[in-house]
>>> print(open('my_file_6.cif').read())   # mmCIF, C-alpha atoms
data_entry
#
loop_
_atom_site.label_atom_id
_atom_site.label_comp_id
_atom_site.auth_asym_id
_atom_site.auth_seq_id
_atom_site.Cartn_x
_atom_site.Cartn_y
_atom_site.Cartn_z
CA MET G 1 -46.77 -6.41 -4.22
CA ASN G 2 -45.84 -3.80 -6.80
CA PHE G 3 -47.00 -4.82 -10.28
CA GLU G 4 -43.52 -4.57 -11.88
CA PHE G 5 -41.87 -6.57 -9.09
CA PHE G 6 -44.55 -9.25 -9.31
CA ILE G 7 -44.09 -9.77 -13.07
CA ALA G 8 -40.27 -9.65 -12.78
CA GLY G 9 -40.42 -12.30 -10.04
CA LYS G 10 -42.52 -14.52 -12.29
CA TYR G 11 -40.00 -14.15 -15.10
CA LEU G 12 -37.15 -15.12 -12.80
CA LYS G 13 -38.81 -18.48 -12.16
CA ALA G 14 -38.14 -20.01 -15.54
CA LYS G 15 -40.37 -22.74 -16.92
CA ARG G 16 -38.98 -25.97 -18.31
CA LYS G 17 -38.93 -24.71 -21.88
CA GLU G 18 -36.97 -21.65 -20.70
CA GLY G 19 -34.25 -23.72 -19.05
CA PHE G 20 -31.52 -22.37 -21.31
CA ILE G 21 -32.37 -18.80 -20.31
CA SER G 22 -32.28 -19.88 -16.67
CA LEU G 23 -28.80 -21.37 -17.19
CA ILE G 24 -27.55 -18.11 -18.69
CA SER G 25 -29.00 -16.24 -15.71
CA PHE G 26 -27.15 -18.57 -13.35
CA LEU G 27 -23.91 -18.04 -15.26
CA SER G 28 -24.46 -14.29 -15.11
CA VAL G 29 -24.83 -14.45 -11.32
CA ALA G 30 -21.70 -16.64 -11.12
CA GLY G 31 -19.75 -14.22 -13.31
CA VAL G 32 -20.64 -11.21 -11.19
CA THR G 33 -19.87 -13.20 -8.01
CA VAL G 34 -16.41 -14.27 -9.21
CA GLY G 35 -15.56 -10.81 -10.49
CA VAL G 36 -16.57 -9.01 -7.31
CA MET G 37 -14.88 -11.63 -5.09
CA ALA G 38 -11.61 -11.42 -7.05
CA LEU G 39 -11.71 -7.63 -6.97
CA VAL G 40 -12.30 -7.50 -3.19
CA ILE G 41 -9.41 -9.91 -2.51
CA VAL G 42 -6.91 -8.28 -4.86
CA ILE G 43 -7.65 -4.73 -3.69
CA ALA G 44 -7.38 -5.88 -0.05
CA VAL G 45 -3.96 -7.42 -0.80
CA MET G 46 -2.79 -4.26 -2.59
CA SER G 47 -3.96 -2.10 0.35
CA GLY G 48 -2.17 -4.46 2.74
CA ALA G 49 1.04 -4.22 0.71
CA GLU G 50 0.89 -0.42 0.72
CA THR G 51 0.32 -0.34 4.50
CA ASP G 52 3.11 -2.85 5.11
CA PHE G 53 5.59 -0.85 3.02
CA ARG G 54 4.56 2.30 4.87
CA LYS G 55 5.19 0.69 8.26
CA ARG G 56 8.59 -0.63 7.18
CA ILE G 57 9.69 2.74 5.78
CA LEU G 58 8.43 4.69 8.80
CA GLY G 59 10.30 2.26 11.05
CA LEU G 60 13.57 3.64 9.67
CA GLU G 61 12.78 7.04 8.19
CA PRO G 62 11.77 10.26 9.97
CA HIS G 63 8.37 11.69 9.07
CA VAL G 64 9.97 15.01 8.03
CA LEU G 65 13.59 15.80 7.21
CA VAL G 66 14.99 19.29 7.79
CA MET G 67 17.86 19.72 5.31
CA ASN G 68 20.11 22.51 4.09
CA TYR G 69 20.71 23.64 0.50
CA GLU G 70 24.40 24.05 1.36
CA GLY G 71 24.69 20.39 2.41
CA GLN G 72 25.92 19.64 5.90
CA PHE G 73 25.27 22.25 8.58
CA THR G 74 26.22 22.87 12.18
CA ASP G 75 24.45 20.80 14.82
CA ASP G 76 22.62 23.32 17.01
CA PRO G 77 21.22 21.75 20.22
CA GLU G 78 19.10 24.85 20.82
CA ILE G 79 17.15 24.35 17.59
CA ILE G 80 16.51 20.67 18.37
CA SER G 81 15.42 21.59 21.91
CA ARG G 82 12.92 24.14 20.56
CA LEU G 83 11.58 21.59 18.09
CA ASN G 84 11.13 18.97 20.81
CA GLN G 85 9.14 21.43 22.89
CA ASN G 86 6.67 22.19 20.09
CA LYS G 87 3.21 20.61 20.43
CA ASP G 88 3.02 19.71 16.73
CA ILE G 89 6.25 17.69 16.89
CA LYS G 90 6.58 14.38 18.68
CA GLY G 91 10.38 14.31 18.56
CA ALA G 92 13.45 15.66 16.77
CA ALA G 93 16.97 14.27 16.42
CA PRO G 94 20.12 15.05 14.37
CA ILE G 95 21.24 12.64 11.64
CA LEU G 96 24.43 12.44 9.61
CA PHE G 97 24.30 10.60 6.27
CA ALA G 98 27.57 9.28 4.84
CA GLN G 99 28.89 6.85 2.27
CA ALA G 100 31.59 4.44 3.37
CA MET G 101 33.32 1.17 2.60
CA ILE G 102 33.06 -1.65 5.10
CA ARG G 103 35.87 -4.17 5.34
CA SER G 104 35.85 -7.44 7.23
CA ARG G 105 38.34 -10.29 7.24
CA ASN G 106 36.79 -11.87 4.16
CA SER G 107 34.89 -9.22 2.23
CA PHE G 108 34.65 -5.60 1.17
CA SER G 109 31.51 -3.60 0.33
CA GLY G 110 30.09 -0.12 -0.04
CA ILE G 111 27.38 0.93 2.43
CA MET G 112 25.34 3.89 3.61
CA VAL G 113 26.14 4.98 7.17
CA ARG G 114 23.77 6.91 9.40
CA GLY G 115 25.15 8.66 12.43
CA ILE G 116 22.48 9.00 15.11
CA ASP G 117 22.40 10.17 18.70
CA PRO G 118 20.49 7.62 20.83
CA GLU G 119 20.74 9.98 23.82
CA GLN G 120 18.12 12.16 22.12
CA GLY G 121 15.59 9.83 23.78
CA PHE G 122 13.68 8.95 20.63
CA ASN G 123 13.15 5.68 18.82
CA LEU G 124 15.29 6.11 15.70
CA VAL G 125 15.33 2.46 14.56
CA GLN G 126 12.33 0.14 14.47
CA GLY G 127 12.52 -2.45 17.22
CA PHE G 128 15.15 -0.57 19.28
CA ASN G 129 14.39 1.77 22.15
CA PRO G 130 16.88 4.54 23.11
CA ASP G 131 18.51 2.43 25.83
CA GLN G 132 19.08 -0.47 23.44
CA LEU G 133 20.52 1.90 20.83
CA SER G 134 22.85 3.49 23.39
CA LYS G 135 24.13 0.06 24.36
CA ALA G 136 24.50 -1.10 20.73
CA LEU G 137 26.34 2.02 19.52
CA GLY G 138 28.42 2.76 22.61
CA LYS G 139 31.90 1.62 23.59
CA ASN G 140 32.18 -2.13 24.19
CA GLN G 141 34.47 -3.11 27.05
CA LEU G 142 34.76 -6.70 25.80
CA THR G 143 36.32 -5.62 22.50
CA ASP G 144 39.09 -3.15 23.31
CA GLU G 145 36.63 -0.29 23.84
CA LEU G 146 35.66 -0.23 20.16
CA PRO G 147 32.46 1.66 19.27
CA GLY G 148 29.51 -0.46 18.18
CA ILE G 149 27.89 -0.60 14.77
CA LEU G 150 24.35 -1.75 13.93
CA LEU G 151 24.18 -3.56 10.57
CA GLY G 152 21.29 -4.59 8.38
CA LYS G 153 20.71 -8.31 8.67
CA ALA G 154 21.13 -8.93 4.93
CA LEU G 155 24.37 -6.89 4.90
CA ALA G 156 25.77 -8.87 7.82
CA ARG G 157 24.77 -12.16 6.18
CA ASN G 158 26.29 -11.23 2.81
CA MET G 159 29.59 -10.31 4.48
CA GLY G 160 29.61 -13.31 6.81
CA LEU G 161 29.51 -11.16 9.96
CA ILE G 162 28.06 -12.04 13.33
CA GLU G 163 27.76 -10.16 16.61
CA GLY G 164 31.20 -9.53 18.10
CA ASP G 165 33.07 -9.41 14.76
CA LYS G 166 35.36 -6.44 14.17
CA ILE G 167 35.18 -4.41 10.97
CA ILE G 168 36.80 -1.32 9.48
CA LEU G 169 34.84 1.60 8.02
CA MET G 170 36.61 3.73 5.43
CA SER G 171 35.37 7.14 4.37
CA PRO G 172 36.49 8.92 1.18
CA ASN G 173 36.64 12.14 3.23
CA GLY G 174 40.19 11.49 4.39
CA PHE G 175 43.24 13.69 4.39
CA ILE G 176 46.09 14.64 2.08
CA SER G 177 49.52 13.21 2.88
CA PRO G 178 52.86 13.13 1.04
CA MET G 179 51.64 9.81 -0.36
CA GLY G 180 48.47 11.40 -1.73
CA HIS G 181 44.90 11.23 -0.56
CA ILE G 182 44.38 8.74 2.28
CA PRO G 183 40.83 7.72 3.24
CA SER G 184 39.76 8.04 6.83
CA MET G 185 39.46 4.69 8.64
CA LYS G 186 37.92 3.64 11.93
CA ARG G 187 37.39 0.26 13.61
CA PHE G 188 34.01 -0.87 14.94
CA VAL G 189 32.53 -4.00 16.46
CA VAL G 190 29.25 -5.50 15.25
CA THR G 191 26.95 -5.38 18.27
CA GLN G 192 23.54 -6.15 16.74
CA THR G 193 21.64 -6.40 13.47
CA PHE G 194 18.27 -5.02 12.42
CA GLU G 195 15.74 -6.18 9.84
CA SER G 196 13.23 -3.86 8.20
CA GLY G 197 12.02 -6.34 5.59
CA MET G 198 13.11 -4.05 2.75
CA ASN G 199 16.22 -5.32 0.99
CA GLU G 200 17.49 -1.89 -0.05
CA TYR G 201 17.80 -0.99 3.63
CA ASP G 202 18.81 -4.36 5.09
CA SER G 203 21.59 -4.94 2.56
CA SER G 204 23.26 -1.53 2.55
CA LEU G 205 22.51 0.42 5.73
CA ALA G 206 24.48 0.68 8.97
CA TYR G 207 23.99 2.80 12.10
CA VAL G 208 26.81 4.25 14.24
CA HIS G 209 26.88 6.88 16.96
CA LEU G 210 26.68 10.42 15.66
CA LYS G 211 30.06 11.38 17.20
CA GLU G 212 31.75 8.37 15.59
CA ALA G 213 30.26 9.22 12.18
CA GLN G 214 31.47 12.80 12.51
CA ASP G 215 34.99 11.65 13.41
CA LEU G 216 35.01 9.16 10.51
CA THR G 217 33.93 11.69 7.88
CA GLY G 218 35.75 14.69 9.33
CA ALA G 219 32.42 16.53 9.67
CA HIS G 220 33.02 17.71 13.24
CA GLN G 221 29.90 19.24 14.81
CA LYS G 222 28.17 18.85 11.43
CA ILE G 223 24.98 16.98 10.53
CA SER G 224 23.14 16.23 7.29
CA ALA G 225 19.56 16.64 8.54
CA ILE G 226 17.27 16.93 11.53
CA GLY G 227 14.71 14.13 11.68
CA ILE G 228 11.20 15.15 12.77
CA TRP G 229 8.52 12.74 14.02
CA VAL G 230 4.83 13.63 14.38
CA GLU G 231 1.77 11.96 15.93
CA ASP G 232 -0.29 11.72 12.73
CA VAL G 233 1.97 10.50 9.91
CA PHE G 234 -0.70 11.36 7.31
CA ASN G 235 -0.91 14.97 8.44
CA VAL G 236 2.55 16.51 8.58
CA THR G 237 1.28 19.96 7.55
CA PRO G 238 1.15 21.42 11.11
CA ALA G 239 4.75 20.31 11.71
CA LYS G 240 5.90 21.78 8.38
CA ASN G 241 4.12 25.05 9.21
CA THR G 242 5.99 25.11 12.52
CA LEU G 243 9.27 24.50 10.71
CA ASN G 244 8.53 27.30 8.23
CA SER G 245 8.00 29.73 11.12
CA MET G 246 11.20 28.63 12.91
CA LEU G 247 13.65 27.99 10.07
CA SER G 248 14.17 29.96 6.89
CA TYR G 249 16.48 29.72 3.89
CA PRO G 250 18.80 27.84 3.37
CA PHE G 251 16.75 25.17 5.20
CA TYR G 252 14.13 23.14 3.36
CA PHE G 253 11.83 20.28 4.36
CA ASN G 254 10.91 16.92 2.84
CA ASP G 255 8.24 14.68 4.35
CA TRP G 256 8.21 10.88 4.08
CA MET G 257 5.53 10.92 1.36
CA GLN G 258 7.64 13.18 -0.86
CA ILE G 259 10.80 11.13 -0.28
CA ASN G 260 9.04 7.85 -1.18
CA LYS G 261 6.68 9.35 -3.74
CA SER G 262 7.75 7.03 -6.56
CA LEU G 263 7.15 3.87 -4.50
CA PHE G 264 3.69 4.83 -3.28
CA SER G 265 2.72 6.24 -6.69
CA ALA G 266 3.66 2.89 -8.25
CA LEU G 267 1.58 1.02 -5.65
CA LYS G 268 -1.44 3.27 -6.20
CA LEU G 269 -1.09 2.93 -9.99
CA GLU G 270 -0.89 -0.85 -9.68
CA LYS G 271 -3.96 -0.84 -7.44
CA LYS G 272 -5.92 1.21 -10.00
CA ALA G 273 -4.72 -1.02 -12.85
CA MET G 274 -5.82 -4.18 -11.02
CA PHE G 275 -9.20 -2.56 -10.31
CA ILE G 276 -9.70 -1.78 -14.00
CA ILE G 277 -8.51 -5.19 -15.21
CA LEU G 278 -10.65 -7.18 -12.78
CA THR G 279 -13.65 -4.95 -13.44
CA LEU G 280 -13.58 -6.45 -16.95
CA ILE G 281 -14.69 -9.75 -15.38
CA ILE G 282 -17.76 -8.00 -14.02
CA LEU G 283 -18.25 -6.36 -17.43
CA VAL G 284 -18.28 -9.78 -19.13
CA ALA G 285 -20.87 -10.95 -16.62
CA ALA G 286 -22.89 -7.80 -17.39
CA PHE G 287 -22.91 -8.75 -21.08
CA ASN G 288 -24.34 -12.10 -19.99
CA ILE G 289 -27.09 -10.24 -18.14
CA ALA G 290 -27.83 -8.20 -21.26
CA SER G 291 -27.96 -11.33 -23.45
CA THR G 292 -30.24 -13.02 -20.91
CA LEU G 293 -32.65 -10.10 -21.00
CA ILE G 294 -32.58 -9.92 -24.81
CA MET G 295 -33.48 -13.61 -25.02
CA MET G 296 -36.15 -13.08 -22.38
CA VAL G 297 -37.65 -10.21 -24.39
CA MET G 298 -37.77 -12.45 -27.48
CA GLU G 299 -39.32 -15.26 -25.42
CA LYS G 300 -41.91 -12.99 -23.79
CA THR G 301 -43.00 -11.07 -26.87
CA LYS G 302 -46.63 -12.22 -26.54
CA ASP G 303 -46.63 -11.53 -22.80
CA ILE G 304 -45.39 -7.99 -23.39
CA ALA G 305 -48.06 -7.42 -26.03
CA VAL G 306 -50.81 -8.73 -23.71
CA LEU G 307 -49.59 -6.56 -20.84
CA LYS G 308 -49.61 -3.51 -23.06
CA THR G 309 -53.11 -4.21 -24.33
CA MET G 310 -54.23 -4.53 -20.70
CA GLY G 311 -52.89 -1.04 -19.98
CA ALA G 312 -49.26 -1.54 -18.99
CA THR G 313 -47.25 1.56 -19.87
CA ASN G 314 -43.85 1.63 -21.55
CA THR G 315 -42.34 2.69 -18.22
CA ALA G 316 -43.86 -0.36 -16.48
CA ILE G 317 -42.41 -2.73 -19.11
CA LEU G 318 -39.05 -0.96 -18.81
CA LYS G 319 -39.09 -1.43 -15.02
CA ILE G 320 -39.96 -5.13 -15.27
CA PHE G 321 -36.84 -6.03 -17.26
CA ILE G 322 -34.58 -3.63 -15.35
CA ILE G 323 -35.72 -5.24 -12.09
CA LYS G 324 -35.08 -8.74 -13.45
CA GLY G 325 -31.55 -7.82 -14.55
CA MET G 326 -30.83 -5.94 -11.32
CA VAL G 327 -31.89 -8.91 -9.20
CA ILE G 328 -29.23 -10.96 -10.99
CA GLY G 329 -26.69 -8.17 -10.41
CA TRP G 330 -27.65 -7.73 -6.74
CA ILE G 331 -27.40 -11.43 -5.98
CA GLY G 332 -24.01 -11.73 -7.71
CA THR G 333 -22.65 -8.61 -6.01
CA PHE G 334 -23.88 -9.72 -2.58
CA LEU G 335 -22.43 -13.21 -2.93
CA GLY G 336 -19.14 -11.91 -4.36
CA THR G 337 -18.74 -9.35 -1.57
CA CYS G 338 -19.50 -11.94 1.13
CA PHE G 339 -17.14 -14.56 -0.33
CA GLY G 340 -14.41 -11.94 -0.87
CA VAL G 341 -14.63 -10.69 2.73
CA ILE G 342 -14.60 -14.26 4.08
CA VAL G 343 -11.51 -15.18 2.00
CA CYS G 344 -9.72 -11.99 3.15
CA PHE G 345 -10.54 -12.84 6.78
CA LEU G 346 -9.17 -16.37 6.34
CA LEU G 347 -6.01 -15.13 4.59
CA LYS G 348 -5.35 -12.63 7.37
CA LYS G 349 -6.04 -15.01 10.24
CA TYR G 350 -4.44 -18.25 9.08
CA ASN G 351 -1.70 -17.07 6.64
CA PHE G 352 -1.92 -20.28 4.63
CA ILE G 353 -0.31 -18.72 1.52
CA GLN G 354 3.47 -18.47 2.00
CA LEU G 355 5.49 -16.24 -0.32
CA PRO G 356 9.07 -16.93 -1.51
CA ASP G 357 12.05 -14.98 -0.19
CA ALA G 358 12.01 -12.70 -3.24
CA TYR G 359 9.13 -10.77 -1.65
CA PRO G 360 9.46 -8.54 1.42
CA PHE G 361 6.42 -10.30 2.93
CA GLN G 362 6.34 -13.86 4.26
CA THR G 363 2.57 -14.09 3.72
CA LEU G 364 0.02 -12.13 1.73
CA PRO G 365 -0.56 -8.77 3.44
CA VAL G 366 -4.33 -8.25 3.66
CA GLN G 367 -6.06 -5.06 4.74
CA LEU G 368 -9.79 -4.86 4.08
CA GLU G 369 -11.10 -1.31 3.92
CA PHE G 370 -14.82 -0.50 4.00
CA LEU G 371 -14.49 2.24 1.38
CA ASP G 372 -12.81 -0.16 -1.09
CA VAL G 373 -15.52 -2.79 -0.59
CA PHE G 374 -18.24 -0.17 -1.01
CA VAL G 375 -16.71 1.21 -4.23
CA ILE G 376 -16.38 -2.32 -5.68
CA ALA G 377 -19.96 -3.28 -4.82
CA PHE G 378 -21.34 0.05 -6.05
CA SER G 379 -19.38 -0.19 -9.31
CA ALA G 380 -20.63 -3.74 -9.92
CA ILE G 381 -24.26 -2.70 -9.38
CA ILE G 382 -23.88 0.30 -11.71
CA ILE G 383 -22.37 -1.91 -14.44
CA CYS G 384 -25.21 -4.42 -14.06
CA PHE G 385 -27.76 -1.61 -14.17
CA LEU G 386 -26.31 -0.20 -17.39
CA SER G 387 -26.40 -3.66 -18.98
CA THR G 388 -30.19 -3.84 -18.44
CA LEU G 389 -31.05 -0.54 -20.13
CA TYR G 390 -30.90 -1.54 -23.80
CA PRO G 391 -32.93 -4.81 -23.54
CA ALA G 392 -35.47 -3.13 -21.24
CA TYR G 393 -35.76 -0.15 -23.61
CA LYS G 394 -36.37 -2.43 -26.63
CA ALA G 395 -39.05 -4.31 -24.68
CA SER G 396 -40.81 -1.07 -23.66
CA LYS G 397 -40.91 0.19 -27.27
CA MET G 398 -42.38 -3.03 -28.64
CA ASN G 399 -45.60 -2.54 -30.69
CA PRO G 400 -48.27 -4.86 -29.19
CA VAL G 401 -50.09 -5.23 -32.54
CA GLU G 402 -46.93 -6.33 -34.35
CA ALA G 403 -45.99 -8.59 -31.44
CA LEU G 404 -49.35 -10.39 -31.46
CA ARG G 405 -49.35 -10.71 -35.24
CA TYR G 406 -45.85 -12.17 -35.61
CA GLY G 407 -45.18 -13.50 -32.06
#
>>> encode(input="my_file_6.cif", output="structure tokens")
Amino acid sequence: MNFEFFIAGKYLKAKRKEGFISLISFLSVAGVTVGVMALVIVIAVMSGAETDFRKRILGLEPHVLVMNYEGQFTDDPEIISRLNQNKDIKGAAPILFAQAMIRSRNSFSGIMVRGIDPEQGFNLVQGFNPDQLSKALGKNQLTDELPGILLGKALARNMGLIEGDKIILMSPNGFISPMGHIPSMKRFVVTQTFESGMNEYDSSLAYVHLKEAQDLTGAHQKISAIGIWVEDVFNVTPAKNTLNSMLSYPFYFNDWMQINKSLFSALKLEKKAMFIILTLIILVAAFNIASTLIMMVMEKTKDIAVLKTMGATNTAILKIFIIKGMVIGWIGTFLGTCFGVIVCFLLKKYNFIQLPDAYPFQTLPVQLEFLDVFVIAFSAIIICFLSTLYPAYKASKMNPVEALRYG
């Protein structure tokens, strides 16, 4: 066995009179373990929350929006056909955004209306295929041939609406009469509801057929945007390059990451903040490692002097105490990583922590990523290594004559 490892191993096995130092070593290991475990769990939960939000948003939002600086523009089937035929684009569909008031028998509320064309053959709403959307937004023979409307579940609940109820949509884009400005009104029947899990969508969003939205707002043959979907949601560059080659000013393009930049920036900032805060736990444990080594150096003053008189170099003494501190750090990091991964696995499989309705998740969203675990473990080891340098350096610079005289 290497000389430095042999001596460090001996020092790790504390004698009875060194029991206090052994206790501090145990607490140091426990501190590193708790810190690493907490960091692994929290970062996994933050990654899970980011992924969950992304899935919910992409269930309702196109990956890229083609919009016009002039506002609404003419719906051109030829452009959409060319986009659908492009290899970089999975699908394209026209969308009309509009603000409206919804009125039922008992309540009145402002909502956002999206006019979509389910006949485009693309999944525009999470959980609904094109056939289901066509049925939900088409004419309903059981209700006087009224067109259907798809409401967010929270919106329907707040207004006391159920499937089959009739409502009136009113658009501010009405017409001028001798009585003044009269808003445009149209009757619909609630056919189904959707739930994205995000309250801002579920409580204020409604889907109608594109033709009905155009009639309601007076925007005949007009749309607000063309929604583009791609295979790889994290790489929309090829699709945007295709759009740049096909469409010029006054068109412009926004991808889903730009549209929701503030949300994902906040999540990433929170993730970084939690990493820094919980790293302080590991830092406290590292101070314990440093104090353990300092006390060990004071306890082993004579041993260090004897080793030096027998020919041990300063570098050898330095290595002995670095190895002893690093063993504590390695054990704590290994245990913390193992416990953290096990807890994440249990949280993901059994969902035994239930969250209140104020959160968009029913249980803690957990997503364990190898890179996150590696960065946490590597950071913990580096912190532990840095904590060993000062005590080990002081031990290596100790004068053996002075140590034997006063030790």
>>> resolve_selection(input="my_file_6.cif", expression="the PyMOL selection byres ((chain G and resi 197-210) around 6)", output="PDB file with C-alpha atoms, in the frame of the given file")
ATOM      1  CA  ILE G 111      27.380   0.930   2.430  1.00  0.00           C
ATOM      2  CA  MET G 112      25.340   3.890   3.610  1.00  0.00           C
ATOM      3  CA  VAL G 113      26.140   4.980   7.170  1.00  0.00           C
ATOM      4  CA  ARG G 114      23.770   6.910   9.400  1.00  0.00           C
ATOM      5  CA  GLY G 115      25.150   8.660  12.430  1.00  0.00           C
ATOM      6  CA  ILE G 116      22.480   9.000  15.110  1.00  0.00           C
ATOM      7  CA  ASP G 117      22.400  10.170  18.700  1.00  0.00           C
ATOM      8  CA  LEU G 137      26.340   2.020  19.520  1.00  0.00           C
ATOM      9  CA  ILE G 149      27.890  -0.600  14.770  1.00  0.00           C
ATOM     10  CA  LEU G 150      24.350  -1.750  13.930  1.00  0.00           C
ATOM     11  CA  LEU G 151      24.180  -3.560  10.570  1.00  0.00           C
ATOM     12  CA  GLY G 152      21.290  -4.590   8.380  1.00  0.00           C
ATOM     13  CA  LYS G 153      20.710  -8.310   8.670  1.00  0.00           C
ATOM     14  CA  ALA G 154      21.130  -8.930   4.930  1.00  0.00           C
ATOM     15  CA  LEU G 155      24.370  -6.890   4.900  1.00  0.00           C
ATOM     16  CA  GLU G 195      15.740  -6.180   9.840  1.00  0.00           C
ATOM     17  CA  SER G 196      13.230  -3.860   8.200  1.00  0.00           C
ATOM     18  CA  LYS G 211      30.060  11.380  17.200  1.00  0.00           C
ATOM     19  CA  GLU G 212      31.750   8.370  15.590  1.00  0.00           C
ATOM     20  CA  ALA G 213      30.260   9.220  12.180  1.00  0.00           C
ATOM     21  CA  PRO G 360       9.460  -8.540   1.420  1.00  0.00           C
TER      22      PRO G 360
END
>>> atom_distance(input="my_file_6.cif", atom1="CA of Gly329 in chain G", atom2="CA of Cys384 in chain G")
5.4 Å
>>> residues_near_point(input="my_file_6.cif", point="(38.0, -1.3, 10.1)", cutoff="12 Å", atoms="all atoms listed in the file", output="VMD selection string")
chain G and resid 100 to 105 107 to 109 146 to 149 165 to 171 183 to 190 216
>>> atom_distance(input="my_file_6.cif", atom1="CA of Phe97 in chain G", atom2="CA of Val64 in chain G")
15.1 Å
>>> atom_distance(input="my_file_6.cif", atom1="CA of Ala136 in chain G", atom2="CA of Gly110 in chain G")
21.5 Å
>>> closest_residue(input="my_file_6.cif", among="G:Phe234, G:Tyr252, G:Trp229, G:Phe361", to="Leu83 in chain G", atoms="all atoms listed in the file")
G:Trp229
>>> resolve_selection(input="my_file_6.cif", expression="the PyMOL selection byres ((chain G and resi 338) around 12)", output="MDAnalysis selection string")
chainID G and resid 33:34 36:38 40:41 331:337 339:345 373 377
>>> closest_residue(input="my_file_6.cif", among="G:Thr388, G:Asn86, G:Ser134, G:Ser291", to="Asn241 in chain G", atoms="only C-alpha atoms")
G:Asn86
>>> closest_residue(input="my_file_6.cif", among="G:Lys240, G:Lys319, G:Lys135, G:Lys268", to="Thr191 in chain G", atoms="all atoms listed in the file")
G:Lys135
>>> residues_around(input="my_file_6.cif", residues="Pro62 in chain G", least_positions_apart="2", cutoff="10 Å", atoms="all atoms listed in the file", output="VMD selection string")
chain G and resid 57 to 60 64 to 66 91 to 93 95 124 to 125 226 to 230 233 254 to 256
>>> residues_around(input="my_file_6.cif", residues="Asp372 in chain G", least_positions_apart="4", cutoff="10 Å", atoms="all atoms listed in the file", output="VMD selection string")
chain G and resid 39 to 40 43 to 44 47 368 376 to 378
>>> closest_atom_pairs(input="my_file_6.cif", of="range 291-360 of chain G", to="range 389-400 of chain G", cutoff="6 Å", atoms="all atoms listed in the file", output="CSV")
residue,atom,partner,partner_atom,distance
G:Leu293,CA,G:Pro391,CA,5.9
G:Ile294,CA,G:Pro391,CA,5.3
G:Ala305,CA,G:Pro400,CA,4.1
G:Asn314,CA,G:Ser396,CA,4.6
G:Ile317,CA,G:Ser396,CA,5.1
G:Leu318,CA,G:Ala392,CA,4.8
G:Phe321,CA,G:Ala392,CA,5.1
G:Ile322,CA,G:Ala392,CA,6.0
>>> closest_residue(input="my_file_6.cif", among="G:Thr292, G:Gln132, G:Asn235, G:Asn84", to="Leu23 in chain G", atoms="all atoms listed in the file")
G:Thr292
>>> closest_residue(input="my_file_6.cif", among="G:Asp215, G:Ala8, G:Glu50, G:Met295", to="Ser265 in chain G", atoms="all atoms listed in the file")
G:Glu50
>>> closest_residue(input="my_file_6.cif", among="G:Met257, G:Leu280, G:Val297, G:Ala316", to="Thr237 in chain G", atoms="only C-alpha atoms")
G:Met257
